[in-house]
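Encoded as structure tokens, the structure appears first; notes follow it.
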Amino acid sequence: MTSTDLSERPARERILLTAHDLFYRDGIRATGIDRVIAEAGVTKVTFYRHFPSKNDLVLAFLAHRHGVWMAWFVGALQRHAPRRGAPPLEAVVPALREWLASDTYRGCAFINATAELGTTLPEALAAVRQHKADMTAAIAPLLPPGRGRKADAEAVALAVDGAIVRAQMDGSPDAAVRALARLLHGFGAGH
């Protein structure tokens with residue numbers, strides 16, 4: 001998004017989108033409110049009218065990121081749905097590769113937020129847990145129905161989180177994607 005596009009948006013949206021980009025790229029703790037204010041092109045009064053504290057902005061960032069990421073994830077799973085007769089779980093690896101290989105990839109905003117904030121902002125930790133529960137819920141329908149579906153979805157979600165962290169550490173998705181494909185092969189979704 002260019003600054004021209006951003007300047008035409010309402011102040012609250014400019015602040016939130018600016019914070020989103022900065023928090024995700026540079027980190028929550030490393031990004032000060034003054035930088036968000038300057039890059040969003042708003043005054044301090046305008047900022048604090050919309051977000052009384054940085055914590056309020058962090059929670060809004062997590063809510064926004066959740067909506068954007070989940071819409072992408074569900075859409076990517078649908079775009080990469082395997083051919084008829086193949087295990088639906090096969091969509092996970094190419095969907096994840098799509099994100100991990102993007103130029104703006106900097107890991108999972110929710111894992112990063114947990115690492116940065118720990119338990120200092122319990123509402124943020126609750127948002128992280130909800131995000132991971134929703135990610136797991138999006139994976140569950142890709143698995144065979146049965147009593148073990150929920151546990152299997154949690155295991156796949158854990159493997160996805162591991163691939164996310166590995167790709168961030170490596171700076172490349174290749175090893176993470178190969179390892180994830182190998183793990184998912186055990187669920188009938190090999191590549």
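Each chain of the structure tokens is named A, B, ... in the order shown, its residues numbered from 1; ligands are numbered from 1 in display order.
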Tell me which protein, DNA and RNA residues are within 12 Å of Ala157 of chain A, counting only C-alpha atoms, leaving out same-chain ones fewer than 5 positions away, and put them as a ChimeraX atom specification.
/A:89,92-93,96,131-140,142-143,150-152,162-164,180,183-184
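In terms of minimum interatomic distance to Gly107 of chain A, A:Met169 ranks closest within A:Leu62, A:Ala11, A:Leu6, A:Met169, counting only C-alpha atoms.
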Neighbour list for Gln78 of chain A as a ChimeraX atom specification, cut-off 10 Å, only C-alpha atoms, skip fewer than 6 positions in-chain
/A:72,88,91-92,95
Please dump the current selection as an mmCIF file, in the first residue's frame; keep all heavy atoms.
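What follows is the written file out.cif:
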data_model
loop_
_atom_site.group_PDB
_atom_site.id
_atom_site.type_symbol
_atom_site.label_atom_id
_atom_site.label_comp_id
_atom_site.auth_asym_id
_atom_site.auth_seq_id
_atom_site.Cartn_x
_atom_site.Cartn_y
_atom_site.Cartn_z
ATOM 1 N N TRP A 72 -7.231 -15.193 4.415
ATOM 2 C CA TRP A 72 -6.234 -15.695 3.469
ATOM 3 C C TRP A 72 -6.103 -17.212 3.600
ATOM 4 O O TRP A 72 -6.097 -17.930 2.596
ATOM 5 C CB TRP A 72 -4.863 -15.031 3.701
ATOM 6 C CG TRP A 72 -3.830 -15.789 2.944
ATOM 7 C CD1 TRP A 72 -3.538 -15.669 1.616
ATOM 8 C CD2 TRP A 72 -3.043 -16.878 3.442
ATOM 9 N NE1 TRP A 72 -2.593 -16.624 1.257
ATOM 10 C CE2 TRP A 72 -2.279 -17.375 2.373
ATOM 11 C CE3 TRP A 72 -2.908 -17.481 4.689
ATOM 12 C CZ2 TRP A 72 -1.391 -18.441 2.501
ATOM 13 C CZ3 TRP A 72 -2.027 -18.537 4.825
ATOM 14 C CH2 TRP A 72 -1.271 -19.003 3.738
ATOM 15 N N PRO A 88 -7.864 -34.239 1.332
ATOM 16 C CA PRO A 88 -8.017 -32.782 1.395
ATOM 17 C C PRO A 88 -6.874 -32.087 2.139
ATOM 18 O O PRO A 88 -6.567 -30.929 1.869
ATOM 19 C CB PRO A 88 -9.346 -32.579 2.131
ATOM 20 C CG PRO A 88 -10.073 -33.866 1.991
ATOM 21 C CD PRO A 88 -9.028 -34.932 1.869
ATOM 22 N N ALA A 91 -3.895 -29.750 0.744
ATOM 23 C CA ALA A 91 -3.939 -28.298 0.493
ATOM 24 C C ALA A 91 -3.066 -27.512 1.458
ATOM 25 O O ALA A 91 -2.648 -26.393 1.148
ATOM 26 C CB ALA A 91 -5.381 -27.806 0.592
ATOM 27 N N VAL A 92 -2.762 -28.069 2.615
ATOM 28 C CA VAL A 92 -2.043 -27.312 3.654
ATOM 29 C C VAL A 92 -0.647 -26.906 3.197
ATOM 30 O O VAL A 92 -0.249 -25.749 3.368
ATOM 31 C CB VAL A 92 -1.987 -28.104 4.981
ATOM 32 C CG1 VAL A 92 -1.089 -27.414 5.991
ATOM 33 C CG2 VAL A 92 -3.385 -28.282 5.558
ATOM 34 N N ALA A 95 -0.572 -24.211 0.399
ATOM 35 C CA ALA A 95 -1.126 -22.965 0.958
ATOM 36 C C ALA A 95 -0.083 -22.294 1.835
ATOM 37 O O ALA A 95 0.177 -21.087 1.702
ATOM 38 C CB ALA A 95 -2.398 -23.259 1.758
#
Just how far from atom CA of Val128 of chain A is atom CA of Phe110 of chain A, in Å to one decimal?
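Computing the Euclidean distance for atom CA of Phe110 of chain A and atom CA of Val128 of chain A yields 5.3 Å.
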Who sits within 10 Å of segment 26-37 of chain A, only C-alpha atoms, same chain under 2 positions skipped, as a ChimeraX atom specification:
/A:14-24,39-48,53-55,57-58,61,106,109,112-113,116-117
Alpha helix (DSSP H) positions in segment 25-83 of chain A, given as an MDAnalysis selection string
chainID A and resid 25:26 33:40 44:50 54:79
Atom pair atom CA of Asp56 of chain A / atom CA of Ile111 of chain A: separation (Å):
18.6 Å
How many Å separate atom CA of Ala155 of chain A from atom CA of Gln130 of chain A?
16.5 Å
